[in-house]
Every structure is written in structure tokens, then in C-alpha cells.
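Down below is the structure, laid out as C-alpha cells.
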Amino acid sequence: MKSFRDRMSNHTFALSLTLAFSLCTVGCQPKEVTSAKIYIRNNDWDRAIAQLEQAVKSDPNNAEAHFLLGQACGYKKRYKEMVTEFDISLKISNKFLPQISAERERHWVDKYNAAIIALDKKDYATAQNHLLLAAIIDHSKHEAHKKLAAAYLLTGDANKARVIYTKLLENNPTDVNLLSSLANIYYSEEKYHDAVSILKKILDIEPGHRDALANLALSYDALGEQEAAARAFEVAIAANSLDVDLVFLFGEHHYKAENYQQAIQLFERVLELQPNDFEATVNIGNAYLSMAETLRKQLQTANNGSSTPTEVQQLKQDAIANYKKAVPYLEKALEIHPDQPHIWRNLGVACINSGQKQRGEEAFLKVEELKLNSSK
């Protein structure tokens with residue numbers, strides 16, 4: 001049997017081996033990594049990079065060397081190399097994941113914030129450059145990609161914006177905001193069929209999506225599909241009955257189609273919600289004026305003997321009634337914006353034809369006055 005002294009001697013020997021192995025694992029890092037750390041402490045990034053490049057060449061599976069090289073490249077704004085080294089480090093081991101995540105976040109935030117400042121200053125070229133770098137630093141953060149697409153749109157480069165949205169949608173096919181942005185691009189490019197396709201996808205995801213319903217109606221309108229447009233507007237307004245813009249757009253839809261009675265009803269609803277809405281006010285006046293002018297043309301035909309005296313008299317009365325109805329709306333519109341010569345001209349027409357000769361002549365004089373002032 002071993003004595004107590006022998007057992008203690010063996011234990012001490014084993015402990016010495018363990019300590020020696022531990023010290024070796026801690027202290028036996030490549031000399032290049034050790035040198036690089038010293039250079040990093042002194043902010044000598046160029047020499048640190050030189051040492052770390054040698055380290056990863058000598059030992060490609062050294063996760064720490066790759067991490068440190070990525071960190072150094074980041075400080076030198078060599079972001080593509082930074083990302084490459086971080087990715088290699090993480091493939092070898094997740095040991096430096098917290099540090100790598102922190103480095104990515106710091107650089108990403110720096111570039112993203114710089115881009116926002118540049119956008120506020122309308123320095124779009126600088127903003128695009130910062131956002132491109134942010135996208136390189138952390139491709140998973142979609143905010144930079146979305147802002148970059150928006151920056152491209154602000155400079156009229158819809159093609160690049162479309163590429164970004166399409167790429168983002170590959171991984172996020174149900175992202176309503178991305179789909180809406182893509183639909184808006186198609187609409188602005190007059191690719192209405194493509195816009196309709198995207199908008200229908202949005203409505204499959206969110207059946208009551210206000211903007212998708214409105215834009216679907218506008219797209220059908222642009223395609224000349226009036227019935228489909230009307231149905232889309234009706235659905236949109238049913239879901240958003242107090243939405244002034246939707247009601248106004250539906251009014252414009254009917255106005256352009258010369259459905260003046262329906263247009264007037266919708267514009268009146270706008271005025272119930274916003275009594276001083278200029279465009280709704282002037283559109284009602286112009287709708288009554290258009291109906292009056294149509295009746296006047298019919299009256300000219302009827303006077304050729306194709307209608308009975310009673311029918312002629314009725315046409316005349318209806319025309320005068322519509323001219324009269326136009327007057328207060330055109331006057332109200334001019335109270336809001338008195339420097340609009342075309343509205344003064346329309347008021348003059350409405351007044352003259354409704355028996356208000358003096359008021360009509362005054363309106364025509366105002367047209368001439370505004371023309372003279374604008375030419376000075």
C-alpha cells in the first residue's frame with residue numbers, strides 16, 4: 001500500500017500537469033495574434049492587420065484571429081473584408097459571436113444614422129453610399145434596404161428600387177409594406193396590370209387594407225375598367241366610411257366618367273366631413289356647369305325642330321337651374337383661392353347663363369385682371 005506521502009506526491013504531479021496544460025492553452029496563441037493584440041491596444045490597425053493576415057494564413061482555423069482581423073478591417077472601413085472574416089470565425093466557432101454581433105451593430109448603426117442625416121439634408125448620393133455600406137455590414141437588417149430603395153426613388157431610379165423590393169420579398173413574401181412599395185412603383189411606371197396583381201396579393205393577406213383597396217380602384221380606373229374600379233371604391237369606402245380621401249377619389253372617378261350626379265353626391269359627402277375642402281367645392285361647381293353646358297347643347301339641337309316646345313322649355317329650365325347651382329360653389333371656391341382665373345371664367349359663364357349678367361361681366365373682368373398681373 002502506498003504511503004500518504006506517495007499519494008500526495010502523485011497528486012501534486014497530476015496537478016502540475018493540469019496547470020501546465022492550462023497555461024499552454026491560454027498562453028500558446030500564435031505570436032502574430034499576440035503582436036496584433038498589442039497593436040490593437042495602441043490603435044495601430046495597419047500593423048495589426050498585417051500580423052492577423054499572417055496568423056490566418058498560418059492557421060486558417062483560428063477563430064480568434066479571424067475575429068480580430070474582421071474587427072481591424074472594420075476600423076479601417078474595409079467592410080466587405082470585415083464581414084468575410086466574421087463569417088469565417090463563426091463557421092469555425094461561436095465563441096466570438098457576442099463580440100461579432102456588437103461590432104456589426106456598431107458599424108451598422110453608424111452608417112444608418114449617417115444616411116438618415118444625409119436624407120434629411122436631401123444629399124441622396126451620400127445617403128445611398130452609407131446605406132449600401134450598412135447593407136453590406138448586416139444584410140439581415142431590412143431597414144437599410146428599404147431606406148436605400150426609398151432613396152433611389154427620390155432620385156428617380158425606380159429600377160434599382162424595384163430590384164431591392166423584389167429581392168426582399170423573396171424571403172418575406174407576405175410583407176405588406178414591401179408589397180405596397182412595389183405596387184406603387186408599378187403604378188408610377190403605368191404598369192397597371194402588374195400593380196393590380198401585387199395589390200390583390202396584399203388584399204389576400206389583409207382584405208381591408210385601405211391603401212391597397214384605394215390603389216386597386218385607381219389602377220382599374222387607369223386601365224379603363226370602370227366597373228371594377230367602382231366596386232373597389234365601394235369596398236374601400238364601406239371599410240373606411242369617414243376617409244375623406246377615399247370618398248373624394250371615388251367622386252373624381254365618377255367626375256372623369258361624366259357621371260356628374262354621382263360625383264356631386266360624393267363631393268357633398270366630402271364637404272360634410274371637411275366643409276372648406278377647395279377641390280371638392282370647385283368640382284361640384286364645375287359638375288353643375290358641365291351638366292348645364294350639356295343641356296345647352298341639347299337645347300341647340302332641340303331648337304332645330306327635333307323636340308316639342310314643352311321639351312325645349314324643359315331643357316332650357318334645367319340648363320338654367322344647373323347654371324344657378326354652380327354659382328354658389330364657384331363663389332365659395334374663390335373665397336378660398338381668389339387668384340384662380342379659370343374658376344372666375346367658369347363663374348362668369350354660370351352667372352351670364354343664369355341671368356346674373358352684371359355679376360358675370362365682373363367675373364370676366366377679374367379674369368383679365370389676373371392675366372395682366374401674372375404677365376408683369
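Labels for the C-alpha cells follow display order: chains A, B, ..., residues from 1 in each chain, ligands from 1.
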Which of range 54-188 of chain A fall in helix (DSSP H, G or I), as an MDAnalysis selection string
chainID A and resid 54:58 63:75 79:92 97:120 124:137 142:154 158:171 176:188
Hey, what's within 12 Å of Ala118 in chain A if we count only C-alpha atoms and toss same-chain stuff fewer than 2 positions away? As a list in words, please?
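Answer for this query is Lys111, Tyr112, Asn113, Ala114, Ala115, Ile116, Asp120, Lys121, Lys122, Asp123, Tyr124, Ala125, Thr126, Ala127, Gln128, Asn129, His130, Leu131, Lys147, Leu148 and Ala151 of chain A.
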Export of prior selection with N, CA and C atoms as a tab-separated table (two decimals), in the first residue's frame:
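Resulting contents of part-v6.tsv:
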```tsv
chain	number	residue	atom	x	y	z
A	111	LYS	N	-23.47	53.79	-39.92
A	111	LYS	CA	-23.77	54.07	-41.33
A	111	LYS	C	-25.24	54.43	-41.54
A	112	TYR	N	-26.11	53.73	-40.83
A	112	TYR	CA	-27.55	54.00	-40.99
A	112	TYR	C	-27.89	55.42	-40.52
A	113	ASN	N	-27.37	55.80	-39.37
A	113	ASN	CA	-27.63	57.15	-38.86
A	113	ASN	C	-27.05	58.22	-39.77
A	114	ALA	N	-25.88	57.96	-40.31
A	114	ALA	CA	-25.28	58.91	-41.25
A	114	ALA	C	-26.15	59.06	-42.49
A	115	ALA	N	-26.75	57.95	-42.91
A	115	ALA	CA	-27.65	58.00	-44.08
A	115	ALA	C	-28.89	58.82	-43.79
A	116	ILE	N	-29.46	58.65	-42.61
A	116	ILE	CA	-30.67	59.41	-42.24
A	116	ILE	C	-30.37	60.90	-42.22
A	120	ASP	N	-32.10	63.72	-44.65
A	120	ASP	CA	-32.72	64.95	-44.15
A	120	ASP	C	-32.18	66.19	-44.87
A	121	LYS	N	-30.92	66.11	-45.27
A	121	LYS	CA	-30.30	67.22	-45.99
A	121	LYS	C	-30.52	67.11	-47.51
A	122	LYS	N	-31.25	66.09	-47.92
A	122	LYS	CA	-31.51	65.80	-49.34
A	122	LYS	C	-30.23	65.54	-50.13
A	123	ASP	N	-29.23	65.04	-49.40
A	123	ASP	CA	-27.98	64.63	-50.04
A	123	ASP	C	-28.11	63.14	-50.35
A	124	TYR	N	-28.82	62.84	-51.42
A	124	TYR	CA	-29.21	61.47	-51.70
A	124	TYR	C	-28.03	60.58	-52.09
A	125	ALA	N	-27.07	61.13	-52.77
A	125	ALA	CA	-25.91	60.33	-53.17
A	125	ALA	C	-25.15	59.83	-51.95
A	126	THR	N	-24.93	60.72	-50.99
A	126	THR	CA	-24.24	60.32	-49.76
A	126	THR	C	-25.07	59.31	-48.98
A	127	ALA	N	-26.37	59.55	-48.92
A	127	ALA	CA	-27.26	58.63	-48.21
A	127	ALA	C	-27.20	57.24	-48.82
A	128	GLN	N	-27.24	57.18	-50.14
A	128	GLN	CA	-27.19	55.88	-50.83
A	128	GLN	C	-25.89	55.15	-50.53
A	129	ASN	N	-24.78	55.88	-50.50
A	129	ASN	CA	-23.48	55.27	-50.22
A	129	ASN	C	-23.45	54.67	-48.82
A	130	HIS	N	-23.96	55.43	-47.83
A	130	HIS	CA	-23.99	54.93	-46.45
A	130	HIS	C	-24.90	53.71	-46.33
A	131	LEU	N	-26.03	53.75	-46.99
A	131	LEU	CA	-26.98	52.64	-46.90
A	131	LEU	C	-26.46	51.38	-47.58
A	147	LYS	N	-34.72	51.82	-46.84
A	147	LYS	CA	-34.34	53.23	-46.98
A	147	LYS	C	-33.56	53.46	-48.27
A	148	LEU	N	-32.75	52.48	-48.64
A	148	LEU	CA	-31.98	52.60	-49.88
A	148	LEU	C	-32.93	52.63	-51.08
A	151	ALA	N	-34.47	55.96	-51.21
A	151	ALA	CA	-33.51	56.96	-51.70
A	151	ALA	C	-33.38	56.87	-53.22
```
Out of A:Asn276, A:Gln29, A:Gln300, A:Ser180, which residue has the shortest atom-to-atom distance to His337 in chain A when counting only C-alpha atoms?
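Answer, going by the shortest atom-to-atom distance: A:Asn276.
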List as a ChimeraX atom specification the protein and nucleic acid residues near Ile320 in chain A, meaning an atom at most 9 Å away when only C-alpha atoms are counted, but skip any in the same chain fewer than 5 places from it.
/A:292,296,315,325,350,353-355
If you keep N, CA and C atoms, can you produce a file of those selected residues as a CSV table (one decimal), in the first residue's frame?
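Saved as part.csv:
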```csv
chain,number,residue,atom,x,y,z
A,292,ALA,N,-75.0,71.7,-67.1
A,292,ALA,CA,-75.7,72.8,-67.8
A,292,ALA,C,-75.2,73.0,-69.2
A,296,ARG,N,-77.4,72.7,-72.6
A,296,ARG,CA,-77.4,73.8,-73.6
A,296,ARG,C,-77.2,73.3,-75.0
A,315,LEU,N,-85.7,71.7,-71.2
A,315,LEU,CA,-84.3,71.7,-71.4
A,315,LEU,C,-83.7,73.0,-70.9
A,325,LYS,N,-77.1,76.5,-59.8
A,325,LYS,CA,-76.5,75.7,-58.8
A,325,LYS,C,-75.0,75.8,-58.8
A,350,ALA,N,-71.4,80.8,-65.7
A,350,ALA,CA,-72.6,80.4,-64.9
A,350,ALA,C,-73.5,81.5,-64.7
A,353,ASN,N,-75.3,82.9,-67.9
A,353,ASN,CA,-76.4,82.0,-68.4
A,353,ASN,C,-77.5,81.7,-67.4
A,354,SER,N,-77.3,82.2,-66.2
A,354,SER,CA,-78.4,82.1,-65.2
A,354,SER,C,-79.1,83.4,-64.9
A,355,GLY,N,-78.8,84.4,-65.8
A,355,GLY,CA,-79.5,85.7,-65.7
A,355,GLY,C,-78.8,86.7,-64.8
```
Distance query Ala287 in chain A at most 12 Å, only C-alpha atoms, self and fewer than 6 positions along chain excluded, as a ChimeraX atom specification:
/A:251-252,254-268,279-281,293-294,322-323,325-327,329-330,346,350
Pull C-alpha atoms from the residues just selected and write them as a PDB file, in the first residue's frame.
```pdb
ATOM      1  CA  GLY A 251     -66.021  61.334 -56.662  1.00  0.00           C
ATOM      2  CA  GLU A 252     -63.202  62.020 -59.120  1.00  0.00           C
ATOM      3  CA  HIS A 254     -67.379  59.494 -61.422  1.00  0.00           C
ATOM      4  CA  TYR A 255     -66.450  63.033 -62.487  1.00  0.00           C
ATOM      5  CA  LYS A 256     -63.978  61.769 -65.094  1.00  0.00           C
ATOM      6  CA  ALA A 257     -66.605  59.334 -66.359  1.00  0.00           C
ATOM      7  CA  GLU A 258     -69.035  62.289 -66.635  1.00  0.00           C
ATOM      8  CA  ASN A 259     -71.327  60.716 -64.058  1.00  0.00           C
ATOM      9  CA  TYR A 260     -71.848  64.157 -62.610  1.00  0.00           C
ATOM     10  CA  GLN A 261     -74.784  63.424 -60.312  1.00  0.00           C
ATOM     11  CA  GLN A 262     -72.900  60.610 -58.554  1.00  0.00           C
ATOM     12  CA  ALA A 263     -69.780  62.791 -58.407  1.00  0.00           C
ATOM     13  CA  ILE A 264     -71.713  65.651 -56.797  1.00  0.00           C
ATOM     14  CA  GLN A 265     -73.162  63.347 -54.152  1.00  0.00           C
ATOM     15  CA  LEU A 266     -69.710  62.107 -53.204  1.00  0.00           C
ATOM     16  CA  PHE A 267     -68.143  65.575 -53.175  1.00  0.00           C
ATOM     17  CA  GLU A 268     -71.020  66.729 -50.950  1.00  0.00           C
ATOM     18  CA  GLU A 279     -61.173  70.785 -54.608  1.00  0.00           C
ATOM     19  CA  ALA A 280     -64.498  69.214 -53.634  1.00  0.00           C
ATOM     20  CA  THR A 281     -66.145  72.650 -53.701  1.00  0.00           C
ATOM     21  CA  GLU A 293     -73.404  73.040 -70.834  1.00  0.00           C
ATOM     22  CA  THR A 294     -74.542  69.571 -71.958  1.00  0.00           C
ATOM     23  CA  ASN A 322     -77.735  73.900 -63.210  1.00  0.00           C
ATOM     24  CA  TYR A 323     -76.015  77.185 -64.055  1.00  0.00           C
ATOM     25  CA  LYS A 325     -76.489  75.704 -58.773  1.00  0.00           C
ATOM     26  CA  ALA A 326     -72.911  76.108 -59.993  1.00  0.00           C
ATOM     27  CA  VAL A 327     -72.661  79.744 -58.890  1.00  0.00           C
ATOM     28  CA  TYR A 329     -69.920  76.618 -55.214  1.00  0.00           C
ATOM     29  CA  LEU A 330     -67.687  78.532 -57.602  1.00  0.00           C
ATOM     30  CA  ASN A 346     -66.431  79.456 -65.107  1.00  0.00           C
ATOM     31  CA  ALA A 350     -72.551  80.363 -64.942  1.00  0.00           C
TER      32      ALA A 350
END
```
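For Leu242 in chain A, the list of residues within 12 Å, based on only C-alpha atoms and with local chain neighbours fewer than 3 positions off taken out, reads Arg210, Ala236, Ile237, Ala238, Ala239, Asp245, Leu246, Val247, Phe248, Leu266, Arg269, Val270, Leu271, Glu272, Leu273 and Gln274 of chain A.
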Restrict the selected residues to C-alpha atoms and save them as an mmCIF file, in the first residue's frame.
```cif
data_model
loop_
_atom_site.group_PDB
_atom_site.id
_atom_site.type_symbol
_atom_site.label_atom_id
_atom_site.label_comp_id
_atom_site.auth_asym_id
_atom_site.auth_seq_id
_atom_site.Cartn_x
_atom_site.Cartn_y
_atom_site.Cartn_z
ATOM 1 C CA ARG A 210 -57.106 50.772 -47.040
ATOM 2 C CA ALA A 236 -62.820 50.626 -49.683
ATOM 3 C CA ILE A 237 -65.360 53.226 -48.536
ATOM 4 C CA ALA A 238 -67.535 50.607 -46.839
ATOM 5 C CA ALA A 239 -64.497 49.693 -44.733
ATOM 6 C CA ASP A 245 -59.608 60.976 -49.429
ATOM 7 C CA LEU A 246 -61.329 57.759 -50.467
ATOM 8 C CA VAL A 247 -64.680 59.489 -50.882
ATOM 9 C CA PHE A 248 -63.014 62.268 -52.877
ATOM 10 C CA LEU A 266 -69.710 62.107 -53.204
ATOM 11 C CA ARG A 269 -70.057 63.931 -48.542
ATOM 12 C CA VAL A 270 -66.532 65.308 -48.551
ATOM 13 C CA LEU A 271 -67.873 68.748 -47.605
ATOM 14 C CA GLU A 272 -69.864 67.217 -44.767
ATOM 15 C CA LEU A 273 -66.586 65.957 -43.348
ATOM 16 C CA GLN A 274 -64.436 68.924 -44.415
#
```
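Going from CA of Ala222 in chain A to CA of Tyr192 in chain A covers 7.2 Å.
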Work out how far apart CA of Pro60 in chain A and CA of Val33 in chain A are and give it in Å to one decimal.
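The value is 12.6 Å.
Counting only C-alpha atoms, the residue from A:Lys201, A:His66, A:His145, A:Lys57 that sits nearest to Lys91 in chain A is A:His66.
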